[in-house]
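Okay, my_file-v9.pdb is below, PDB, N, CA and C atoms:
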ATOM      1  N   MET A 723      -5.415 -30.038 -11.557
ATOM      2  CA  MET A 723      -5.922 -28.939 -12.337
ATOM      3  C   MET A 723      -7.261 -28.505 -11.765
ATOM      4  N   THR A 724      -7.421 -27.212 -11.596
ATOM      5  CA  THR A 724      -8.697 -26.672 -11.144
ATOM      6  C   THR A 724      -9.064 -25.465 -11.995
ATOM      7  N   VAL A 725     -10.359 -25.288 -12.182
ATOM      8  CA  VAL A 725     -10.889 -24.138 -12.903
ATOM      9  C   VAL A 725     -11.877 -23.448 -11.975
ATOM     10  N   GLN A 726     -11.670 -22.157 -11.745
ATOM     11  CA  GLN A 726     -12.574 -21.382 -10.901
ATOM     12  C   GLN A 726     -13.064 -20.185 -11.693
ATOM     13  N   ALA A 727     -14.353 -19.907 -11.571
ATOM     14  CA  ALA A 727     -14.945 -18.760 -12.269
ATOM     15  C   ALA A 727     -15.534 -17.803 -11.244
ATOM     16  N   SER A 728     -15.387 -16.500 -11.505
ATOM     17  CA  SER A 728     -15.977 -15.499 -10.624
ATOM     18  C   SER A 728     -16.422 -14.302 -11.455
ATOM     19  N   LEU A 729     -17.535 -13.721 -11.039
ATOM     20  CA  LEU A 729     -18.088 -12.544 -11.720
ATOM     21  C   LEU A 729     -17.675 -11.278 -10.992
ATOM     22  N   ALA A 730     -17.452 -10.217 -11.752
ATOM     23  CA  ALA A 730     -17.126  -8.905 -11.191
ATOM     24  C   ALA A 730     -17.811  -7.846 -12.044
ATOM     25  N   GLY A 731     -17.675  -6.599 -11.641
ATOM     26  CA  GLY A 731     -18.226  -5.499 -12.434
ATOM     27  C   GLY A 731     -19.723  -5.618 -12.645
ATOM     28  N   ASN A 732     -20.461  -5.853 -11.572
ATOM     29  CA  ASN A 732     -21.919  -6.019 -11.645
ATOM     30  C   ASN A 732     -22.329  -7.151 -12.578
ATOM     31  N   GLY A 733     -21.540  -8.216 -12.593
ATOM     32  CA  GLY A 733     -21.875  -9.384 -13.406
ATOM     33  C   GLY A 733     -21.543  -9.239 -14.875
ATOM     34  N   ARG A 734     -20.752  -8.224 -15.218
ATOM     35  CA  ARG A 734     -20.434  -7.985 -16.632
ATOM     36  C   ARG A 734     -19.044  -8.505 -17.030
ATOM     37  N   GLU A 735     -18.239  -8.927 -16.038
ATOM     38  CA  GLU A 735     -16.913  -9.467 -16.336
ATOM     39  C   GLU A 735     -16.756 -10.818 -15.643
ATOM     40  N   LEU A 736     -16.397 -11.812 -16.415
ATOM     41  CA  LEU A 736     -16.187 -13.153 -15.884
ATOM     42  C   LEU A 736     -14.698 -13.457 -15.912
ATOM     43  N   THR A 737     -14.154 -13.829 -14.756
ATOM     44  CA  THR A 737     -12.763 -14.247 -14.678
ATOM     45  C   THR A 737     -12.729 -15.758 -14.492
ATOM     46  N   ILE A 738     -11.973 -16.426 -15.342
ATOM     47  CA  ILE A 738     -11.790 -17.871 -15.257
ATOM     48  C   ILE A 738     -10.328 -18.114 -14.924
ATOM     49  N   LYS A 739     -10.084 -18.706 -13.762
ATOM     50  CA  LYS A 739      -8.726 -18.971 -13.289
ATOM     51  C   LYS A 739      -8.430 -20.448 -13.463
ATOM     52  N   VAL A 740      -7.334 -20.747 -14.145
ATOM     53  CA  VAL A 740      -6.926 -22.129 -14.391
ATOM     54  C   VAL A 740      -5.621 -22.372 -13.660
ATOM     55  N   ASP A 741      -5.619 -23.373 -12.768
ATOM     56  CA  ASP A 741      -4.419 -23.748 -12.026
ATOM     57  C   ASP A 741      -3.970 -25.138 -12.443
ATOM     58  N   GLY A 742      -2.658 -25.312 -12.550
ATOM     59  CA  GLY A 742      -2.106 -26.617 -12.917
ATOM     60  C   GLY A 742      -1.954 -26.746 -14.416
ATOM     61  N   ARG A 743      -2.091 -27.963 -14.904
ATOM     62  CA  ARG A 743      -1.962 -28.232 -16.344
ATOM     63  C   ARG A 743      -3.282 -27.916 -17.041
ATOM     64  N   PHE A 744      -3.206 -27.096 -18.077
ATOM     65  CA  PHE A 744      -4.380 -26.739 -18.863
ATOM     66  C   PHE A 744      -4.338 -27.611 -20.119
ATOM     67  N   ASP A 745      -5.058 -28.730 -20.067
ATOM     68  CA  ASP A 745      -5.069 -29.678 -21.173
ATOM     69  C   ASP A 745      -6.481 -30.238 -21.328
ATOM     70  N   PHE A 746      -6.630 -31.299 -22.094
ATOM     71  CA  PHE A 746      -7.957 -31.813 -22.401
ATOM     72  C   PHE A 746      -8.751 -32.212 -21.159
ATOM     73  N   SER A 747      -8.073 -32.573 -20.095
ATOM     74  CA  SER A 747      -8.789 -32.961 -18.868
ATOM     75  C   SER A 747      -9.591 -31.794 -18.292
ATOM     76  N   ALA A 748      -9.277 -30.564 -18.695
ATOM     77  CA  ALA A 748      -9.983 -29.378 -18.200
ATOM     78  C   ALA A 748     -11.160 -28.986 -19.086
ATOM     79  N   HIS A 749     -11.365 -29.691 -20.192
ATOM     80  CA  HIS A 749     -12.352 -29.279 -21.195
ATOM     81  C   HIS A 749     -13.738 -29.040 -20.604
ATOM     82  N   GLN A 750     -14.288 -30.026 -19.942
ATOM     83  CA  GLN A 750     -15.652 -29.927 -19.398
ATOM     84  C   GLN A 750     -15.760 -28.794 -18.377
ATOM     85  N   GLU A 751     -14.822 -28.763 -17.453
ATOM     86  CA  GLU A 751     -14.855 -27.765 -16.389
ATOM     87  C   GLU A 751     -14.690 -26.346 -16.945
ATOM     88  N   PHE A 752     -13.796 -26.179 -17.908
ATOM     89  CA  PHE A 752     -13.567 -24.865 -18.507
ATOM     90  C   PHE A 752     -14.806 -24.399 -19.263
ATOM     91  N   ARG A 753     -15.397 -25.275 -20.049
ATOM     92  CA  ARG A 753     -16.598 -24.915 -20.813
ATOM     93  C   ARG A 753     -17.755 -24.545 -19.886
ATOM     94  N   GLU A 754     -17.945 -25.318 -18.833
ATOM     95  CA  GLU A 754     -19.028 -25.027 -17.881
ATOM     96  C   GLU A 754     -18.816 -23.694 -17.176
ATOM     97  N   ALA A 755     -17.564 -23.273 -17.027
ATOM     98  CA  ALA A 755     -17.269 -22.019 -16.328
ATOM     99  C   ALA A 755     -17.860 -20.815 -17.054
ATOM    100  N   TYR A 756     -17.896 -20.849 -18.384
ATOM    101  CA  TYR A 756     -18.447 -19.691 -19.106
ATOM    102  C   TYR A 756     -19.826 -19.942 -19.687
ATOM    103  N   GLU A 757     -20.181 -21.185 -19.959
ATOM    104  CA  GLU A 757     -21.509 -21.442 -20.528
ATOM    105  C   GLU A 757     -22.611 -21.298 -19.489
ATOM    106  N   GLY A 758     -22.278 -21.452 -18.232
ATOM    107  CA  GLY A 758     -23.281 -21.413 -17.179
ATOM    108  C   GLY A 758     -23.596 -20.032 -16.645
ATOM    109  N   VAL A 759     -23.001 -18.981 -17.206
ATOM    110  CA  VAL A 759     -23.250 -17.635 -16.682
ATOM    111  C   VAL A 759     -24.319 -16.928 -17.509
ATOM    112  N   ALA A 760     -24.874 -15.901 -16.912
ATOM    113  CA  ALA A 760     -25.936 -15.140 -17.567
ATOM    114  C   ALA A 760     -25.411 -14.427 -18.810
ATOM    115  N   GLY A 761     -26.312 -14.062 -19.688
ATOM    116  CA  GLY A 761     -25.970 -13.454 -20.960
ATOM    117  C   GLY A 761     -25.470 -12.032 -20.899
ATOM    118  N   ASP A 762     -25.471 -11.396 -19.718
ATOM    119  CA  ASP A 762     -25.043 -10.004 -19.645
ATOM    120  C   ASP A 762     -23.536  -9.844 -19.412
ATOM    121  N   VAL A 763     -22.777 -10.936 -19.463
ATOM    122  CA  VAL A 763     -21.318 -10.854 -19.360
ATOM    123  C   VAL A 763     -20.787 -10.274 -20.664
ATOM    124  N   LYS A 764     -20.008  -9.213 -20.556
ATOM    125  CA  LYS A 764     -19.481  -8.526 -21.741
ATOM    126  C   LYS A 764     -17.988  -8.739 -21.941
ATOM    127  N   SER A 765     -17.267  -9.066 -20.870
ATOM    128  CA  SER A 765     -15.827  -9.292 -21.017
ATOM    129  C   SER A 765     -15.408 -10.522 -20.216
ATOM    130  N   PHE A 766     -14.384 -11.164 -20.735
ATOM    131  CA  PHE A 766     -13.878 -12.397 -20.141
ATOM    132  C   PHE A 766     -12.391 -12.239 -19.882
ATOM    133  N   VAL A 767     -11.954 -12.697 -18.711
ATOM    134  CA  VAL A 767     -10.543 -12.685 -18.350
ATOM    135  C   VAL A 767     -10.152 -14.111 -18.012
ATOM    136  N   VAL A 768      -9.141 -14.627 -18.704
ATOM    137  CA  VAL A 768      -8.619 -15.958 -18.408
ATOM    138  C   VAL A 768      -7.301 -15.752 -17.674
ATOM    139  N   ASP A 769      -7.291 -16.108 -16.385
ATOM    140  CA  ASP A 769      -6.127 -15.922 -15.528
ATOM    141  C   ASP A 769      -5.308 -17.213 -15.530
ATOM    142  N   LEU A 770      -4.142 -17.158 -16.157
ATOM    143  CA  LEU A 770      -3.279 -18.332 -16.245
ATOM    144  C   LEU A 770      -2.087 -18.230 -15.291
ATOM    145  N   GLY A 771      -2.238 -17.440 -14.239
ATOM    146  CA  GLY A 771      -1.160 -17.260 -13.266
ATOM    147  C   GLY A 771      -0.728 -18.543 -12.593
ATOM    148  N   GLY A 772      -1.636 -19.474 -12.414
ATOM    149  CA  GLY A 772      -1.304 -20.744 -11.774
ATOM    150  C   GLY A 772      -1.149 -21.884 -12.761
ATOM    151  N   THR A 773      -1.110 -21.558 -14.045
ATOM    152  CA  THR A 773      -1.028 -22.579 -15.085
ATOM    153  C   THR A 773       0.428 -22.895 -15.385
ATOM    154  N   SER A 774       0.781 -24.163 -15.260
ATOM    155  CA  SER A 774       2.167 -24.580 -15.478
ATOM    156  C   SER A 774       2.413 -25.054 -16.904
ATOM    157  N   TYR A 775       1.336 -25.402 -17.619
ATOM    158  CA  TYR A 775       1.482 -26.013 -18.939
ATOM    159  C   TYR A 775       0.175 -25.870 -19.687
ATOM    160  N   LEU A 776       0.243 -25.672 -21.003
ATOM    161  CA  LEU A 776      -0.958 -25.776 -21.820
ATOM    162  C   LEU A 776      -0.603 -26.437 -23.137
ATOM    163  N   ASP A 777      -1.581 -27.166 -23.679
ATOM    164  CA  ASP A 777      -1.344 -27.889 -24.924
ATOM    165  C   ASP A 777      -2.329 -27.413 -25.989
ATOM    166  N   SER A 778      -2.334 -28.105 -27.128
ATOM    167  CA  SER A 778      -3.173 -27.678 -28.246
ATOM    168  C   SER A 778      -4.659 -27.734 -27.908
ATOM    169  N   SER A 779      -5.070 -28.646 -27.058
ATOM    170  CA  SER A 779      -6.490 -28.681 -26.692
ATOM    171  C   SER A 779      -6.867 -27.455 -25.858
ATOM    172  N   ALA A 780      -5.944 -26.959 -25.045
ATOM    173  CA  ALA A 780      -6.195 -25.728 -24.289
ATOM    174  C   ALA A 780      -6.324 -24.543 -25.246
ATOM    175  N   LEU A 781      -5.495 -24.510 -26.281
ATOM    176  CA  LEU A 781      -5.611 -23.453 -27.282
ATOM    177  C   LEU A 781      -6.982 -23.518 -27.951
ATOM    178  N   GLY A 782      -7.441 -24.725 -28.236
ATOM    179  CA  GLY A 782      -8.771 -24.909 -28.809
ATOM    180  C   GLY A 782      -9.866 -24.430 -27.870
ATOM    181  N   MET A 783      -9.715 -24.691 -26.583
ATOM    182  CA  MET A 783     -10.707 -24.240 -25.606
ATOM    183  C   MET A 783     -10.753 -22.719 -25.542
ATOM    184  N   LEU A 784      -9.602 -22.073 -25.650
ATOM    185  CA  LEU A 784      -9.569 -20.609 -25.665
ATOM    186  C   LEU A 784     -10.283 -20.069 -26.898
ATOM    187  N   LEU A 785     -10.120 -20.738 -28.028
ATOM    188  CA  LEU A 785     -10.817 -20.321 -29.251
ATOM    189  C   LEU A 785     -12.324 -20.513 -29.122
ATOM    190  N   LEU A 786     -12.746 -21.591 -28.469
ATOM    191  CA  LEU A 786     -14.183 -21.805 -28.241
ATOM    192  C   LEU A 786     -14.753 -20.712 -27.341
ATOM    193  N   LEU A 787     -14.009 -20.312 -26.320
ATOM    194  CA  LEU A 787     -14.438 -19.210 -25.449
ATOM    195  C   LEU A 787     -14.571 -17.932 -26.270
ATOM    196  N   ARG A 788     -13.609 -17.671 -27.130
ATOM    197  CA  ARG A 788     -13.652 -16.462 -27.979
ATOM    198  C   ARG A 788     -14.895 -16.473 -28.865
ATOM    199  N   ASP A 789     -15.201 -17.620 -29.468
ATOM    200  CA  ASP A 789     -16.407 -17.729 -30.295
ATOM    201  C   ASP A 789     -17.667 -17.493 -29.469
ATOM    202  N   HIS A 790     -17.704 -18.083 -28.272
ATOM    203  CA  HIS A 790     -18.854 -17.912 -27.378
ATOM    204  C   HIS A 790     -19.032 -16.436 -26.997
ATOM    205  N   ALA A 791     -17.913 -15.739 -26.831
ATOM    206  CA  ALA A 791     -17.942 -14.343 -26.391
ATOM    207  C   ALA A 791     -18.248 -13.366 -27.518
ATOM    208  N   GLY A 792     -18.293 -13.826 -28.770
ATOM    209  CA  GLY A 792     -18.646 -12.938 -29.865
ATOM    210  C   GLY A 792     -17.662 -12.911 -31.015
ATOM    211  N   GLY A 793     -16.708 -13.812 -31.041
ATOM    212  CA  GLY A 793     -15.781 -13.893 -32.172
ATOM    213  C   GLY A 793     -14.869 -12.692 -32.265
ATOM    214  N   ASP A 794     -14.804 -12.077 -33.435
ATOM    215  CA  ASP A 794     -13.888 -10.954 -33.668
ATOM    216  C   ASP A 794     -14.175  -9.752 -32.773
ATOM    217  N   SER A 795     -15.407  -9.596 -32.343
ATOM    218  CA  SER A 795     -15.752  -8.453 -31.488
ATOM    219  C   SER A 795     -15.668  -8.794 -30.001
ATOM    220  N   ALA A 796     -15.181  -9.983 -29.666
ATOM    221  CA  ALA A 796     -15.131 -10.435 -28.278
ATOM    222  C   ALA A 796     -14.093  -9.666 -27.475
ATOM    223  N   ASP A 797     -14.394  -9.471 -26.201
ATOM    224  CA  ASP A 797     -13.456  -8.868 -25.261
ATOM    225  C   ASP A 797     -12.952  -9.983 -24.355
ATOM    226  N   VAL A 798     -11.864 -10.629 -24.778
ATOM    227  CA  VAL A 798     -11.279 -11.731 -24.008
ATOM    228  C   VAL A 798      -9.811 -11.395 -23.769
ATOM    229  N   GLN A 799      -9.434 -11.396 -22.492
ATOM    230  CA  GLN A 799      -8.057 -11.127 -22.112
ATOM    231  C   GLN A 799      -7.453 -12.376 -21.489
ATOM    232  N   ILE A 800      -6.184 -12.611 -21.751
ATOM    233  CA  ILE A 800      -5.434 -13.670 -21.099
ATOM    234  C   ILE A 800      -4.370 -12.978 -20.260
ATOM    235  N   VAL A 801      -4.373 -13.241 -18.955
ATOM    236  CA  VAL A 801      -3.486 -12.509 -18.050
ATOM    237  C   VAL A 801      -2.628 -13.457 -17.208
ATOM    238  N   ASN A 802      -1.555 -12.894 -16.661
ATOM    239  CA  ASN A 802      -0.674 -13.565 -15.702
ATOM    240  C   ASN A 802       0.008 -14.818 -16.238
ATOM    241  N   CYS A 803       0.381 -14.808 -17.512
ATOM    242  CA  CYS A 803       1.050 -15.970 -18.112
ATOM    243  C   CYS A 803       2.505 -16.043 -17.648
ATOM    244  N   ASN A 804       2.967 -17.254 -17.337
ATOM    245  CA  ASN A 804       4.394 -17.410 -17.086
ATOM    246  C   ASN A 804       5.119 -17.429 -18.429
ATOM    247  N   GLN A 805       6.435 -17.481 -18.399
ATOM    248  CA  GLN A 805       7.234 -17.369 -19.627
ATOM    249  C   GLN A 805       6.938 -18.508 -20.606
ATOM    250  N   ASP A 806       6.801 -19.741 -20.110
ATOM    251  CA  ASP A 806       6.552 -20.889 -20.989
ATOM    252  C   ASP A 806       5.186 -20.803 -21.654
ATOM    253  N   VAL A 807       4.170 -20.453 -20.879
ATOM    254  CA  VAL A 807       2.817 -20.336 -21.410
ATOM    255  C   VAL A 807       2.763 -19.201 -22.426
ATOM    256  N   ARG A 808       3.383 -18.093 -22.103
ATOM    257  CA  ARG A 808       3.409 -16.939 -23.016
ATOM    258  C   ARG A 808       4.065 -17.309 -24.350
ATOM    259  N   LYS A 809       5.126 -18.106 -24.271
ATOM    260  CA  LYS A 809       5.830 -18.524 -25.488
ATOM    261  C   LYS A 809       4.917 -19.359 -26.384
ATOM    262  N   ILE A 810       4.155 -20.269 -25.804
ATOM    263  CA  ILE A 810       3.218 -21.098 -26.579
ATOM    264  C   ILE A 810       2.156 -20.222 -27.238
ATOM    265  N   LEU A 811       1.625 -19.259 -26.495
ATOM    266  CA  LEU A 811       0.613 -18.357 -27.050
ATOM    267  C   LEU A 811       1.191 -17.513 -28.182
ATOM    268  N   THR A 812       2.430 -17.077 -28.036
ATOM    269  CA  THR A 812       3.073 -16.262 -29.065
ATOM    270  C   THR A 812       3.328 -17.083 -30.329
ATOM    271  N   ILE A 813       3.868 -18.283 -30.168
ATOM    272  CA  ILE A 813       4.135 -19.154 -31.313
ATOM    273  C   ILE A 813       2.849 -19.465 -32.067
ATOM    274  N   SER A 814       1.743 -19.569 -31.328
ATOM    275  CA  SER A 814       0.442 -19.890 -31.919
ATOM    276  C   SER A 814      -0.271 -18.665 -32.485
ATOM    277  N   ASN A 815       0.376 -17.501 -32.434
ATOM    278  CA  ASN A 815      -0.188 -16.233 -32.923
ATOM    279  C   ASN A 815      -1.478 -15.833 -32.215
ATOM    280  N   PHE A 816      -1.619 -16.215 -30.958
ATOM    281  CA  PHE A 816      -2.819 -15.855 -30.208
ATOM    282  C   PHE A 816      -2.852 -14.370 -29.869
ATOM    283  N   GLU A 817      -1.724 -13.679 -30.002
ATOM    284  CA  GLU A 817      -1.716 -12.235 -29.773
ATOM    285  C   GLU A 817      -2.567 -11.506 -30.798
ATOM    286  N   GLN A 818      -2.832 -12.157 -31.939
ATOM    287  CA  GLN A 818      -3.694 -11.593 -32.970
ATOM    288  C   GLN A 818      -5.175 -11.705 -32.598
ATOM    289  N   LEU A 819      -5.493 -12.644 -31.699
ATOM    290  CA  LEU A 819      -6.880 -12.950 -31.375
ATOM    291  C   LEU A 819      -7.313 -12.523 -29.983
ATOM    292  N   PHE A 820      -6.354 -12.390 -29.069
ATOM    293  CA  PHE A 820      -6.645 -12.087 -27.668
ATOM    294  C   PHE A 820      -5.772 -10.944 -27.189
ATOM    295  N   LYS A 821      -6.240 -10.263 -26.156
ATOM    296  CA  LYS A 821      -5.394  -9.313 -25.439
ATOM    297  C   LYS A 821      -4.627 -10.142 -24.420
ATOM    298  N   ILE A 822      -3.305 -10.153 -24.540
ATOM    299  CA  ILE A 822      -2.490 -10.942 -23.622
ATOM    300  C   ILE A 822      -1.651 -10.001 -22.788
ATOM    301  N   GLN A 823      -1.772 -10.148 -21.460
ATOM    302  CA  GLN A 823      -1.026  -9.290 -20.532
ATOM    303  C   GLN A 823      -0.177 -10.139 -19.613
TER     304      GLN A 823
END

Would you mind writing the file's structure down as structure tokens?
Amino acid sequence: MTVQASLAGNGRELTIKVDGRFDFSAHQEFREAYEGVAGDVKSFVVDLGGTSYLDSSALGMLLLLRDHAGGDSADVQIVNCNQDVRKILTISNFEQLFKIQ
């Protein structure tokens, strides 16, 4: 499992790419990916294109990112989900909380 973060849009958009299994072992690395950036980031993109699996702790980490980004007014997108990951997000009603593409 690897987590990579990159800034775009003049430092206003942070993309966090998760490869492999997205589970509790990614907690520290995932949190550091967004907590360590400057305060002028306005939108967050979580790229799950390389994610083969996610569990309840990963769902919790996504909720923590949403809270960090501003809660209900947060601009957090989840992109490039495979069919299995998308199904977990749908069952968990994450479509109500995130923009999922």

Quiz prompt | Nearest to Val807 in chain A by atom-to-atom distance, counting only C-alpha atoms, from A:Arg753, A:Gly793, A:Arg788, A:Gly742 | solution = A:Gly742

To verify the selection step, state as a PDB file with N, CA and C atoms, in the frame of the given file which residues the PyMOL selection byres ((chain A and resi 823) around 7) yields on this input.
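Saved the output as part-v7.pdb:
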ATOM      1  N   GLN A 799      -9.434 -11.396 -22.492  1.00  0.00           N
ATOM      2  CA  GLN A 799      -8.057 -11.127 -22.112  1.00  0.00           C
ATOM      3  C   GLN A 799      -7.453 -12.376 -21.489  1.00  0.00           C
ATOM      4  N   ILE A 800      -6.184 -12.611 -21.751  1.00  0.00           N
ATOM      5  CA  ILE A 800      -5.434 -13.670 -21.099  1.00  0.00           C
ATOM      6  C   ILE A 800      -4.370 -12.978 -20.260  1.00  0.00           C
ATOM      7  N   VAL A 801      -4.373 -13.241 -18.955  1.00  0.00           N
ATOM      8  CA  VAL A 801      -3.486 -12.509 -18.050  1.00  0.00           C
ATOM      9  C   VAL A 801      -2.628 -13.457 -17.208  1.00  0.00           C
ATOM     10  N   ASN A 802      -1.555 -12.894 -16.661  1.00  0.00           N
ATOM     11  CA  ASN A 802      -0.674 -13.565 -15.702  1.00  0.00           C
ATOM     12  C   ASN A 802       0.008 -14.818 -16.238  1.00  0.00           C
ATOM     13  N   CYS A 803       0.381 -14.808 -17.512  1.00  0.00           N
ATOM     14  CA  CYS A 803       1.050 -15.970 -18.112  1.00  0.00           C
ATOM     15  C   CYS A 803       2.505 -16.043 -17.648  1.00  0.00           C
ATOM     16  N   LYS A 821      -6.240 -10.263 -26.156  1.00  0.00           N
ATOM     17  CA  LYS A 821      -5.394  -9.313 -25.439  1.00  0.00           C
ATOM     18  C   LYS A 821      -4.627 -10.142 -24.420  1.00  0.00           C
ATOM     19  N   ILE A 822      -3.305 -10.153 -24.540  1.00  0.00           N
ATOM     20  CA  ILE A 822      -2.490 -10.942 -23.622  1.00  0.00           C
ATOM     21  C   ILE A 822      -1.651 -10.001 -22.788  1.00  0.00           C
TER      22      ILE A 822
END

Could you state which residues are captured by the PyMOL selection byres ((chain A and resi 752) around 8) in this file, as a JSON list (two decimals) with N, CA and C atoms, in the frame of the given file?
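Output (selection17.json):
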[["chain", "number", "residue", "atom", "x", "y", "z"],
["A", 724, "THR", "N", -7.42, -27.21, -11.60],
["A", 724, "THR", "CA", -8.70, -26.67, -11.14],
["A", 724, "THR", "C", -9.06, -25.46, -12.00],
["A", 725, "VAL", "N", -10.36, -25.29, -12.18],
["A", 725, "VAL", "CA", -10.89, -24.14, -12.90],
["A", 725, "VAL", "C", -11.88, -23.45, -11.98],
["A", 726, "GLN", "N", -11.67, -22.16, -11.74],
["A", 726, "GLN", "CA", -12.57, -21.38, -10.90],
["A", 726, "GLN", "C", -13.06, -20.18, -11.69],
["A", 738, "ILE", "N", -11.97, -16.43, -15.34],
["A", 738, "ILE", "CA", -11.79, -17.87, -15.26],
["A", 738, "ILE", "C", -10.33, -18.11, -14.92],
["A", 747, "SER", "N", -8.07, -32.57, -20.10],
["A", 747, "SER", "CA", -8.79, -32.96, -18.87],
["A", 747, "SER", "C", -9.59, -31.79, -18.29],
["A", 748, "ALA", "N", -9.28, -30.56, -18.70],
["A", 748, "ALA", "CA", -9.98, -29.38, -18.20],
["A", 748, "ALA", "C", -11.16, -28.99, -19.09],
["A", 749, "HIS", "N", -11.36, -29.69, -20.19],
["A", 749, "HIS", "CA", -12.35, -29.28, -21.20],
["A", 749, "HIS", "C", -13.74, -29.04, -20.60],
["A", 750, "GLN", "N", -14.29, -30.03, -19.94],
["A", 750, "GLN", "CA", -15.65, -29.93, -19.40],
["A", 750, "GLN", "C", -15.76, -28.79, -18.38],
["A", 751, "GLU", "N", -14.82, -28.76, -17.45],
["A", 751, "GLU", "CA", -14.86, -27.76, -16.39],
["A", 751, "GLU", "C", -14.69, -26.35, -16.94],
["A", 753, "ARG", "N", -15.40, -25.28, -20.05],
["A", 753, "ARG", "CA", -16.60, -24.92, -20.81],
["A", 753, "ARG", "C", -17.76, -24.54, -19.89],
["A", 754, "GLU", "N", -17.94, -25.32, -18.83],
["A", 754, "GLU", "CA", -19.03, -25.03, -17.88],
["A", 754, "GLU", "C", -18.82, -23.69, -17.18],
["A", 755, "ALA", "N", -17.56, -23.27, -17.03],
["A", 755, "ALA", "CA", -17.27, -22.02, -16.33],
["A", 755, "ALA", "C", -17.86, -20.82, -17.05],
["A", 756, "TYR", "N", -17.90, -20.85, -18.38],
["A", 756, "TYR", "CA", -18.45, -19.69, -19.11],
["A", 756, "TYR", "C", -19.83, -19.94, -19.69],
["A", 757, "GLU", "N", -20.18, -21.18, -19.96],
["A", 757, "GLU", "CA", -21.51, -21.44, -20.53],
["A", 757, "GLU", "C", -22.61, -21.30, -19.49],
["A", 783, "MET", "N", -9.72, -24.69, -26.58],
["A", 783, "MET", "CA", -10.71, -24.24, -25.61],
["A", 783, "MET", "C", -10.75, -22.72, -25.54]]

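Using all atoms listed in the file, the protein and nucleic acid residues lying no more than 7 Å from Asp762 in chain A, apart from those fewer than 3 places from it along its own chain, are A:Gly733, A:Arg734, A:Glu735, A:Val759, A:Ser765.
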
Exercise. On this file, the PyMOL selection byres (((chain A and resi 773 and name CA) around 9) and name CA) gives some set of residues; write that set as a VMD selection string.
Key: chain A and resid 723 739 to 744 769 to 772 774 to 776 803 to 804 807

Self-check item: DSSP strand (DSSP E or B) selection over chain A, as a ChimeraX atom specification
Solution: /A:724-730,735-744,765-776,798-801,821-822

Exercise. Work out how far apart CA of Gly761 in chain A and atom N of Ala791 in chain A are and give it in Å to one decimal.
Key: 10.2 Å

Quiz item: To one decimal place, how far is atom N of Lys809 in chain A from atom N of Phe746 in chain A in Å?
Solution: 17.8 Å

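If only C-alpha atoms are the atoms counted, then among A:Ala780, A:Leu786, A:Ala727, A:Leu811 the closest residue to Val767 in chain A is A:Ala727.
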
Quiz item: Please, what distance in Å, to one decimal, runs between atom C of Leu781 in chain A and atom N of Asn732 in chain A?
Solution: 27.6 Å

Practice problem: Select from chain A everything DSSP, run on the backbone, classes as alpha helix (DSSP H), then give the selection as a PyMOL selection string. | Solution: chain A and resi 749-757+778-791+805-813

Write out as lines of an AutoDock Vina configuration file an axis-aligned box for range 780-793 of chain A: all of its atoms listed in the file, 6 Å added on each side, centre and edge lengths in Å with one decimal.
center_x = -12.3
center_y = -19.8
center_z = -28.3
size_x = 25.5
size_y = 26.3
size_z = 20.0

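Residue nearest Phe820 in chain A within the list A:Ala796, A:Arg808, A:Gly758, A:Thr737: A:Ala796 [criterion: smallest interatomic distance, only N, CA and C atoms].
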